[in-house]
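First comes the structure, then the notes that go with it.
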Amino acid sequence: MSTQSKELSELIEKKYQHGFVTDIEQDLIPPGLDEDIVRLISQKKGEPEFLTEWRLKAYRHWLTMAEPEWSHVHYTPIDYQSISYFASPKNQDDAPKSLDEVDPKLLETYEKLGIPLHERAKLAGVAVDAVFDSVSVATTFKEKLADVGVIFCSFSEAVRNHPALVKQYLGTVVPQRDNFFAALNSAVFSDGSFVYIPKGVRCPMELSTYFRINAANTGQFERTLIIADEGSHVSYLEGCTAPMRDENQLHAAVVELVALKDAEIKYSTVQNWYPGDEHGVGGIYNFVTKRGDCRGANSKISWTQVETGSAITWKYPSCILRGENSIGEFYSVAVTNNYQQADTGTKMIHIGPNTRSTIISKGISAGKAENSYRGLVRIMPSARGARNYTQCDSLLIGDQCGAHTFPYVEARECSARVEHEATTSKISEDQLFYCRQRGLTEEDAVNMIVNGFCREVFKKLPMEFAVEAQALLNVSLEGAVG
Amino acid sequence: MKKDNMLRIKGLHAQVEDRAILNGLDLKVSSGEVHAIMGPNGSGKSTLAQILAGRKNYEVTGGTIEFCGKDLLSLSTEERAQEGLFLAFQYPVEIPGVNNAYLLKAALNAQRAANDEPQVDAFEFTKLIKGKMELMQMSSDFLNRSVNEGFSGGEKKRNEILQMLMLEPRLAVLDETDSGLDVDALKVVASGINSLRDSKRAIILITHYKRLLELVVPDHVHVLSEGRIVKSGDRELARTLDKQGYDWVREEAANL
């Protein structure tokens with residue numbers, strides 16, 4: 001039995017695996033936010049005038065806005081003046097030209113995180129854009145992608161090399177004034193990924209970004225913009241981690257997707273920000289605005305998310321179904337344990353005729369966590385024959401957690417069909433006993449049952465991510481029973 | 001054959017929520033043997049099965065259970081399973097989204113890991129299960145269905161036996177596996193059980209009826225009444241009980 005108890009203690013110690021800090025010289029601007037800081041960020045990034053103005057416009061509007069209070073989460077107010085809005089590893093001036101020039105310590109960080117950045121990337125066939133605090137560090141596979149005309153680079157690089165595209169699409173899906181956190185992001189966003197898939201091109205590989213918050217007392221405000229031109233296709237993966245710290249850190253990202261006629265974007269997220277400890281101390285506030293615009297006919301945007309981390313998650317990846325016959329999908333697994341809070345869901349706005357949307361949401365609550373699904377299905381008068389199917393399932397582990405469902409349906413077109421199904425269940429003592437009698441440990445039994453509960457969503461994830469997602473789920477539910 | 005007393009239960013007392021169910025139960029089972037435990041409702045048959053498997057809420061208040069030389073009561077539920085104790089459930093539970101193949105493979109690998117044996121891969125697993133599914137007359141789509149979800153009563157019971165055949169336990173405890181089965185299903189289940197019979201294993205059949213015992217012929221038949229074994233015999237005892245009921249055994253026991 002001694003090997004077993006050893007394994008058990010290793011399991012217990014495993015907890016949050018990505019909680020290390022990388023010791024790297026930082027270029028950090030002092031905490032606080034005003035117009036000068038906004039200008040300084042823009043200047044540090046060598047941005048053109050239009051972008052500086054765009055940021056300032058967002059900042060000025062942000063000042064007039066109030067933090068939203070409608071979500072089912074509780075936290076002490078954030079002091080926006082105590083956050084540093086820009087942190088980057090030093091040596092920005094002589095920025096790396098290739099992977100060989102990237103600070104080995106950074107590469108080591110990514111190695112620890114298990115990101116296939118180096119040679120492993122080629123084997124895995126994943127092109128990775130890694131964002132470390134505020135700047136994008138390295139983008140792999142650039143040349144291979146360039147051969148087919150795909151642009152995949154950091155947002156800053158896109159601003160330098162493809163300003164026309166940025167100007168044309170930036171803020172057209174999530175306007176600067178959209179909401180409090182989107183406005184803040186628009187003012188101070190640091191970096192992120194930019195993707196452009198030209199007409200008729202099927203992106204030859206999965207594109208991937210890895211976000212990591214390293215510096216203390218910083219916020220991470222990344223901005224991602226993906227444009228799929230007519231008839232193109234892209235699958236994009238995003239993963240996130242952060243070190244363990246006692247303070248809460250803010251992460252307010254904006255993601256904009258544009259799918260033109262006949263184009264398809266598949267966007268998958270595995271979010272594993274530090275969730276805080278078992279007493280609810282520390283962790284990331286993940287206040288994110290993600291929206292896709294199915295601008296052209298027959299376009300399709302599919303969101304798949306596995307949310308296991310963050311102290312608080314506030315996130316509603318949405319689809320605006322403008323084009324005729326366009327399709328929006330949302331597949332979500334949100335896990336909360338200990339004192340984590342998640343208020344997440346989606347919005348499907350049906351504007352075009354015969355637009356279709358599917359929502360599958362799986363919420364898992366353990367410990368003292370609160371897990372809410374909040375979703376809106378809106379059928380506009382122009383959306384003849386629109387259809388929606390929504391399924392919300394909640395799974396409770398233990399008797400001190402909560403699951404909540406807030407579905408909103410607004411149908412203004414009488415030919416529309418909207419279906420909503422919801423269930424709440426618990427892992428039963430009978431199920432656990434059955435599995436354990438077959439030789440599985442309680443931990444494995446819970447993992448198996450939870451994975452079964454999430455199966456519909458996991459099978460939508462790209463293969464490598466599905467494996468990671470399952471593993472993450474298992475880690476985040478450790479100690480949830482017994 | 002030499003009796004090895006693979007399972008040795010001595011003076012077992014147990015209660016559920018302060019209600020005494022077992023009152024000094026003694027039982028010895030050796031490798032190669034099939035024991036049937038019969039008895040009226042509420043006599044403690046299922047309680048015995050649950051206690052052997054290590055169910056929470058069943059409190060052992062006295063006595064000992066030795067299994068393959070180990071103190072069974074000190075082992076966790078999964079350790080007992082890994083040691084080769086299998087319980088075929090009377091009411092197998094549904095696990096939505098977890099397919100049968102996945103559970104079976106996980107169970108098999110948990111057992112192999114405990115015995116320092118190599119893990120079974122998908123190829124080997126398929127090879128292993130194919131013949132057993134044929135024996136149990138189950139179609140291949142069954143493997144992709146969620147565990148027990150939407151199964152008929154007969155399918156659930158056949159599934160229990162299939163799991164047993166895959167895990168090849170040293171001791172199988174079958175809790176009313178025959179209840180709710182029609183004649184054809186009963187034959188399938190019986191042939192499954194018989195295929196596991198060999199000199200290394202033992203089987204405990206918990207049942208109300210002799211009809212299973214006509215197909216899986218037991219070496220010993222015990223009557224459980226008020227938490228104790230009050231009479232033991234061979235297969236003829238099952239036949240007598242089927243004709244005459246349990247009252248005479250109880251009376252006999254009361255007069256002891």
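Just remember, in the structure tokens the first chain shown is A, the second B, etc., residues are 1-based per chain, and ligands are 1-based in the order shown.
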
For chain A versus chain B, which residues have an atom no more than 8 Å away, and what is each residue's nearest atom pair and distance in Å rounded to one decimal, using only C-alpha atoms, chain-then-number order, as CSV?
```
residue,atom,partner,partner_atom,distance
A:Asp430,CA,B:Val93,CA,6.6
A:Gln431,CA,B:Val93,CA,6.1
A:Phe433,CA,B:Arg55,CA,6.9
A:Tyr434,CA,B:Val93,CA,7.1
A:Cys435,CA,B:Ala107,CA,7.9
A:Arg436,CA,B:Glu78,CA,4.8
A:Gln437,CA,B:Ala81,CA,5.5
A:Arg438,CA,B:Ala107,CA,5.4
A:Gly439,CA,B:Glu78,CA,4.3
A:Leu440,CA,B:Glu78,CA,5.8
A:Thr441,CA,B:Glu78,CA,6.0
A:Met448,CA,B:Val98,CA,7.0
A:Ile449,CA,B:Val98,CA,6.5
A:Asn451,CA,B:Val98,CA,7.5
A:Gly452,CA,B:Gly97,CA,3.9
A:Phe453,CA,B:Gly97,CA,5.4
A:Cys454,CA,B:Gly97,CA,7.6
A:Arg455,CA,B:Gly97,CA,6.2
```

Selection export as a short mmCIF file (atom, residue, chain, number, x, y, z; two decimals), in the first residue's frame, atoms kept: N, CA and C atoms:
```cif
data_model
loop_
_atom_site.label_atom_id
_atom_site.label_comp_id
_atom_site.auth_asym_id
_atom_site.auth_seq_id
_atom_site.Cartn_x
_atom_site.Cartn_y
_atom_site.Cartn_z
N ASP A 430 -24.28 5.99 -4.96
CA ASP A 430 -24.41 4.71 -5.68
C ASP A 430 -23.43 4.63 -6.84
N GLN A 431 -23.31 5.72 -7.59
CA GLN A 431 -22.39 5.72 -8.73
C GLN A 431 -20.95 5.53 -8.27
N PHE A 433 -19.89 4.17 -5.47
CA PHE A 433 -19.69 2.82 -4.93
C PHE A 433 -19.55 1.81 -6.07
N TYR A 434 -20.38 1.97 -7.06
CA TYR A 434 -20.34 1.06 -8.22
C TYR A 434 -18.95 1.08 -8.87
N CYS A 435 -18.46 2.28 -9.12
CA CYS A 435 -17.14 2.41 -9.78
C CYS A 435 -16.02 1.87 -8.89
N ARG A 436 -16.11 2.18 -7.59
CA ARG A 436 -15.06 1.72 -6.69
C ARG A 436 -15.09 0.20 -6.56
N GLN A 437 -16.29 -0.38 -6.61
CA GLN A 437 -16.37 -1.83 -6.54
C GLN A 437 -15.70 -2.46 -7.76
N ARG A 438 -15.62 -1.68 -8.83
CA ARG A 438 -14.94 -2.19 -10.03
C ARG A 438 -13.44 -1.91 -9.98
N GLY A 439 -12.98 -1.32 -8.86
CA GLY A 439 -11.55 -1.16 -8.67
C GLY A 439 -11.02 0.25 -8.86
N LEU A 440 -11.90 1.20 -9.21
CA LEU A 440 -11.44 2.57 -9.40
C LEU A 440 -11.39 3.29 -8.06
N THR A 441 -10.42 4.18 -7.89
CA THR A 441 -10.40 4.98 -6.67
C THR A 441 -11.53 5.99 -6.75
N MET A 448 -14.09 10.15 -13.86
CA MET A 448 -14.74 9.45 -14.95
C MET A 448 -16.18 9.92 -15.12
N ILE A 449 -16.87 10.07 -14.02
CA ILE A 449 -18.27 10.50 -14.09
C ILE A 449 -18.36 11.93 -14.64
N ASN A 451 -16.11 13.45 -16.51
CA ASN A 451 -15.75 13.43 -17.93
C ASN A 451 -16.90 12.93 -18.79
N GLY A 452 -17.63 11.96 -18.26
CA GLY A 452 -18.80 11.47 -18.99
C GLY A 452 -19.84 12.56 -19.13
N PHE A 453 -20.00 13.32 -18.07
CA PHE A 453 -20.95 14.43 -18.07
C PHE A 453 -20.57 15.47 -19.13
N CYS A 454 -19.27 15.64 -19.34
CA CYS A 454 -18.78 16.67 -20.27
C CYS A 454 -18.55 16.15 -21.68
N ARG A 455 -18.83 14.89 -21.91
CA ARG A 455 -18.39 14.27 -23.15
C ARG A 455 -18.83 15.01 -24.41
#
```

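Neighbours of Lys231 of chain B closer than or equal to 12 Å, with only C-alpha atoms counted and sequence neighbours fewer than 2 positions away skipped, come out as B:Leu25, B:Asp26, B:Leu27, B:Ala36, B:Ile37, B:Met38, B:Gly39, B:His220, B:Val221, B:His222, B:Val223, B:Leu224, B:Ser225, B:Arg228, B:Ile229, B:Gly233, B:Asp234, B:Leu237, B:Ala238, B:Leu241, B:Tyr246, B:Trp248, B:Val249, B:Arg250, B:Glu251, B:Glu252, B:Ala253, B:Ala254, B:Leu256.
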
*If you run DSSP on this backbone, which residues of segment 26-226 of chain B come out as strand (DSSP E or B), and could you give them as an NGL selection string?*
:B and (26-29 or 34-38 or 58-67 or 70-71 or 85-88 or 95-99 or 146-147 or 171-175 or 202-206 or 220-225)

Dump of C-alpha atoms for the selected residues, as a tab-separated table (two decimals), in the first residue's frame:
```
chain	number	residue	atom	x	y	z
B	26	ASP	CA	-20.42	-17.57	10.02
B	27	LEU	CA	-19.42	-18.69	6.54
B	28	LYS	CA	-16.42	-20.37	4.94
B	29	VAL	CA	-15.90	-20.46	1.20
B	34	VAL	CA	-20.17	-22.32	-5.46
B	35	HIS	CA	-22.27	-21.34	-2.46
B	36	ALA	CA	-25.89	-20.29	-2.63
B	37	ILE	CA	-27.33	-18.08	0.05
B	38	MET	CA	-31.09	-18.13	0.24
B	58	TYR	CA	-23.13	-0.55	6.75
B	59	GLU	CA	-21.46	-0.68	10.10
B	60	VAL	CA	-19.75	-3.84	11.23
B	61	THR	CA	-20.18	-4.08	14.98
B	62	GLY	CA	-18.54	-7.44	15.56
B	63	GLY	CA	-16.78	-10.40	13.98
B	64	THR	CA	-14.10	-10.76	11.34
B	65	ILE	CA	-13.84	-11.36	7.63
B	66	GLU	CA	-10.69	-12.83	6.17
B	67	PHE	CA	-10.23	-12.86	2.40
B	70	LYS	CA	-6.13	-10.53	4.50
B	71	ASP	CA	-8.36	-8.65	6.90
B	85	LEU	CA	-13.64	-9.50	-5.02
B	86	PHE	CA	-16.48	-8.75	-7.39
B	87	LEU	CA	-20.06	-7.82	-6.62
B	88	ALA	CA	-22.73	-8.20	-9.30
B	95	ILE	CA	-23.68	6.51	-15.33
B	96	PRO	CA	-24.64	8.92	-18.13
B	97	GLY	CA	-21.96	9.82	-20.67
B	98	VAL	CA	-19.51	7.12	-19.53
B	99	ASN	CA	-19.51	4.34	-22.05
B	146	SER	CA	-23.50	4.72	-21.51
B	147	VAL	CA	-23.15	2.44	-18.51
B	171	LEU	CA	-14.56	-14.35	-5.48
B	172	ALA	CA	-17.75	-13.27	-7.20
B	173	VAL	CA	-20.78	-12.31	-5.13
B	174	LEU	CA	-23.93	-12.23	-7.24
B	175	ASP	CA	-26.74	-10.35	-5.56
B	202	ALA	CA	-15.37	-19.15	-5.83
B	203	ILE	CA	-18.87	-17.85	-6.33
B	204	ILE	CA	-21.56	-16.81	-3.87
B	205	LEU	CA	-25.04	-16.74	-5.36
B	206	ILE	CA	-27.60	-14.75	-3.43
B	220	HIS	CA	-23.43	-25.68	-0.76
B	221	VAL	CA	-26.76	-24.05	-0.01
B	222	HIS	CA	-27.24	-21.88	3.10
B	223	VAL	CA	-30.37	-20.42	4.55
B	224	LEU	CA	-30.06	-16.98	6.09
B	225	SER	CA	-32.64	-15.96	8.62
```

*What does the distance between atom CA of Gly328 of chain A and atom CA of His404 of chain A come to in Å, to one decimal place?*
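Computing it gives 23.4 Å between the two atoms.
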
*Would you please work out which residue, of A:Val73, A:Leu56, A:Leu396, A:Ile359, is nearest to Val38 of chain A when using only C-alpha atoms?*
A:Leu56

*Please identify which residues in segment 24-227 of chain B DSSP calls helix (DSSP H, G or I) from the backbone, and express them as a ChimeraX atom specification.*
/B:45-53,72-74,77-82,100-114,122-135,140-144,153-167,183-196,211-215

For segment 151-159 of chain B, please output as an mmCIF file with N, CA and C atoms, in the first residue's frame all residues within 8 Å (counting only C-alpha atoms; exclusion window: fewer than 3 positions along the same chain).
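Output file selection_7.cif follows:
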```
data_model
loop_
_atom_site.group_PDB
_atom_site.id
_atom_site.type_symbol
_atom_site.label_atom_id
_atom_site.label_comp_id
_atom_site.auth_asym_id
_atom_site.auth_seq_id
_atom_site.Cartn_x
_atom_site.Cartn_y
_atom_site.Cartn_z
ATOM 1 N N ALA B 88 -21.760 -8.480 -8.240
ATOM 2 C CA ALA B 88 -22.732 -8.198 -9.299
ATOM 3 C C ALA B 88 -23.941 -7.594 -8.612
ATOM 4 N N GLN B 90 -27.507 -5.943 -7.528
ATOM 5 C CA GLN B 90 -28.918 -6.237 -7.747
ATOM 6 C C GLN B 90 -29.553 -5.128 -8.599
ATOM 7 N N PRO B 92 -27.948 -2.345 -10.753
ATOM 8 C CA PRO B 92 -26.790 -1.619 -11.285
ATOM 9 C C PRO B 92 -27.164 -0.175 -11.612
ATOM 10 N N MET B 136 -22.452 -13.700 -23.862
ATOM 11 C CA MET B 136 -23.551 -13.027 -23.175
ATOM 12 C C MET B 136 -24.613 -12.533 -24.150
ATOM 13 N N ASN B 148 -25.236 1.259 -18.283
ATOM 14 C CA ASN B 148 -26.582 0.927 -17.778
ATOM 15 C C ASN B 148 -27.672 1.908 -18.175
ATOM 16 N N LEU B 162 -20.992 -9.748 -17.740
ATOM 17 C CA LEU B 162 -19.903 -9.456 -18.679
ATOM 18 C C LEU B 162 -18.720 -8.820 -17.943
ATOM 19 N N GLN B 163 -19.021 -7.872 -17.071
ATOM 20 C CA GLN B 163 -17.951 -7.231 -16.297
ATOM 21 C C GLN B 163 -17.214 -8.271 -15.455
ATOM 22 N N THR B 177 -28.902 -11.816 -9.036
ATOM 23 C CA THR B 177 -28.697 -11.598 -10.459
ATOM 24 C C THR B 177 -29.828 -12.217 -11.275
ATOM 25 N N ASP B 178 -30.498 -13.213 -10.710
ATOM 26 C CA ASP B 178 -31.555 -13.897 -11.455
ATOM 27 C C ASP B 178 -32.898 -13.182 -11.400
ATOM 28 N N GLY B 180 -35.918 -10.857 -12.029
ATOM 29 C CA GLY B 180 -36.374 -10.068 -13.173
ATOM 30 C C GLY B 180 -35.911 -10.583 -14.516
ATOM 31 N N LEU B 181 -35.360 -11.789 -14.570
ATOM 32 C CA LEU B 181 -34.905 -12.316 -15.860
ATOM 33 C C LEU B 181 -35.928 -13.317 -16.409
ATOM 34 N N ASP B 182 -36.134 -13.262 -17.740
ATOM 35 C CA ASP B 182 -36.983 -14.297 -18.323
ATOM 36 C C ASP B 182 -36.141 -15.555 -18.542
ATOM 37 N N ALA B 185 -33.024 -15.214 -20.859
ATOM 38 C CA ALA B 185 -31.973 -14.374 -20.273
ATOM 39 C C ALA B 185 -31.297 -15.118 -19.118
ATOM 40 N N VAL B 188 -28.716 -17.412 -20.437
ATOM 41 C CA VAL B 188 -27.504 -16.705 -20.873
ATOM 42 C C VAL B 188 -26.641 -16.349 -19.658
ATOM 43 N N VAL B 189 -27.320 -15.785 -18.647
ATOM 44 C CA VAL B 189 -26.604 -15.386 -17.434
ATOM 45 C C VAL B 189 -25.942 -16.616 -16.783
#
```

_What does the structure give for the distance between atom CA of Ser310 of chain A and atom CA of Val409 of chain A, in Å to one decimal?_
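Pair atom CA of Ser310 of chain A / atom CA of Val409 of chain A returns 28.3 Å.
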
_With only C-alpha atoms as the counted atoms, please give the residues lying no more than 7 Å from Ala187 of chain A, apart from itself and same-chain residues fewer than 3 positions off, as a PyMOL selection string._
chain A and resi 38+55-56+58-59+183-184

*Which residue out of A:Ser326, A:Asn388, A:Ser193, A:Ser372 has the minimum interatomic distance to Thr313 of chain A when only C-alpha atoms are used?*
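Among the listed residues, the smallest separation from Thr313 of chain A belongs to A:Ser372.
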
_As an exercise, work out the distance from atom CA of Lys266 of chain A to atom CA of Asn144 of chain B in Å and give it to one decimal place._
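Between atom CA of Lys266 of chain A and atom CA of Asn144 of chain B the gap is 26.9 Å.
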
*Leu260 of chain A: which residues within 9 Å, counting only C-alpha atoms, same-chain residues fewer than 4 positions away excluded, as a ChimeraX atom specification?*
/A:227-232,264,293-300,323

Deliver the residues from the most recent selection as a file, using N, CA and C atoms, as a PDB file, in the first residue's frame.
```pdb
ATOM      1  N   ILE A 227      -9.784  37.199 -38.573  1.00  0.00           N
ATOM      2  CA  ILE A 227     -10.626  37.480 -39.730  1.00  0.00           C
ATOM      3  C   ILE A 227     -10.535  36.300 -40.691  1.00  0.00           C
ATOM      4  N   ALA A 228     -11.690  35.692 -40.964  1.00  0.00           N
ATOM      5  CA  ALA A 228     -11.726  34.612 -41.951  1.00  0.00           C
ATOM      6  C   ALA A 228     -12.431  35.157 -43.187  1.00  0.00           C
ATOM      7  N   ASP A 229     -11.637  35.353 -44.237  1.00  0.00           N
ATOM      8  CA  ASP A 229     -12.202  35.919 -45.459  1.00  0.00           C
ATOM      9  C   ASP A 229     -13.079  34.875 -46.154  1.00  0.00           C
ATOM     10  N   GLU A 230     -13.733  35.266 -47.207  1.00  0.00           N
ATOM     11  CA  GLU A 230     -14.733  34.411 -47.858  1.00  0.00           C
ATOM     12  C   GLU A 230     -14.232  32.991 -48.115  1.00  0.00           C
ATOM     13  N   GLY A 231     -15.028  32.042 -47.731  1.00  0.00           N
ATOM     14  CA  GLY A 231     -14.741  30.644 -48.038  1.00  0.00           C
ATOM     15  C   GLY A 231     -13.538  30.068 -47.313  1.00  0.00           C
ATOM     16  N   SER A 232     -13.033  30.762 -46.311  1.00  0.00           N
ATOM     17  CA  SER A 232     -11.847  30.234 -45.618  1.00  0.00           C
ATOM     18  C   SER A 232     -12.257  29.474 -44.357  1.00  0.00           C
ATOM     19  N   GLU A 264     -15.498  29.778 -41.976  1.00  0.00           N
ATOM     20  CA  GLU A 264     -15.757  29.098 -40.708  1.00  0.00           C
ATOM     21  C   GLU A 264     -14.613  29.333 -39.730  1.00  0.00           C
ATOM     22  N   ASP A 293     -18.654  37.533 -35.225  1.00  0.00           N
ATOM     23  CA  ASP A 293     -19.630  38.126 -36.127  1.00  0.00           C
ATOM     24  C   ASP A 293     -19.698  37.277 -37.392  1.00  0.00           C
ATOM     25  N   CYS A 294     -20.795  36.565 -37.581  1.00  0.00           N
ATOM     26  CA  CYS A 294     -21.009  35.823 -38.824  1.00  0.00           C
ATOM     27  C   CYS A 294     -21.553  36.821 -39.838  1.00  0.00           C
ATOM     28  N   ARG A 295     -20.623  37.511 -40.478  1.00  0.00           N
ATOM     29  CA  ARG A 295     -21.009  38.652 -41.291  1.00  0.00           C
ATOM     30  C   ARG A 295     -21.573  38.220 -42.635  1.00  0.00           C
ATOM     31  N   GLY A 296     -21.037  37.110 -43.155  1.00  0.00           N
ATOM     32  CA  GLY A 296     -21.452  36.688 -44.491  1.00  0.00           C
ATOM     33  C   GLY A 296     -22.430  35.527 -44.453  1.00  0.00           C
ATOM     34  N   ALA A 297     -23.090  35.311 -45.590  1.00  0.00           N
ATOM     35  CA  ALA A 297     -24.027  34.193 -45.699  1.00  0.00           C
ATOM     36  C   ALA A 297     -23.277  32.872 -45.507  1.00  0.00           C
ATOM     37  N   ASN A 298     -23.948  31.905 -44.930  1.00  0.00           N
ATOM     38  CA  ASN A 298     -23.413  30.548 -44.732  1.00  0.00           C
ATOM     39  C   ASN A 298     -22.133  30.502 -43.905  1.00  0.00           C
ATOM     40  N   SER A 299     -21.885  31.512 -43.152  1.00  0.00           N
ATOM     41  CA  SER A 299     -20.669  31.481 -42.327  1.00  0.00           C
ATOM     42  C   SER A 299     -20.971  30.750 -41.024  1.00  0.00           C
ATOM     43  N   LYS A 300     -19.890  30.383 -40.328  1.00  0.00           N
ATOM     44  CA  LYS A 300     -20.091  29.614 -39.099  1.00  0.00           C
ATOM     45  C   LYS A 300     -19.026  29.967 -38.065  1.00  0.00           C
ATOM     46  N   GLY A 323     -25.336  36.977 -41.323  1.00  0.00           N
ATOM     47  CA  GLY A 323     -25.468  36.414 -42.669  1.00  0.00           C
ATOM     48  C   GLY A 323     -26.575  35.371 -42.738  1.00  0.00           C
TER      49      GLY A 323
END
```
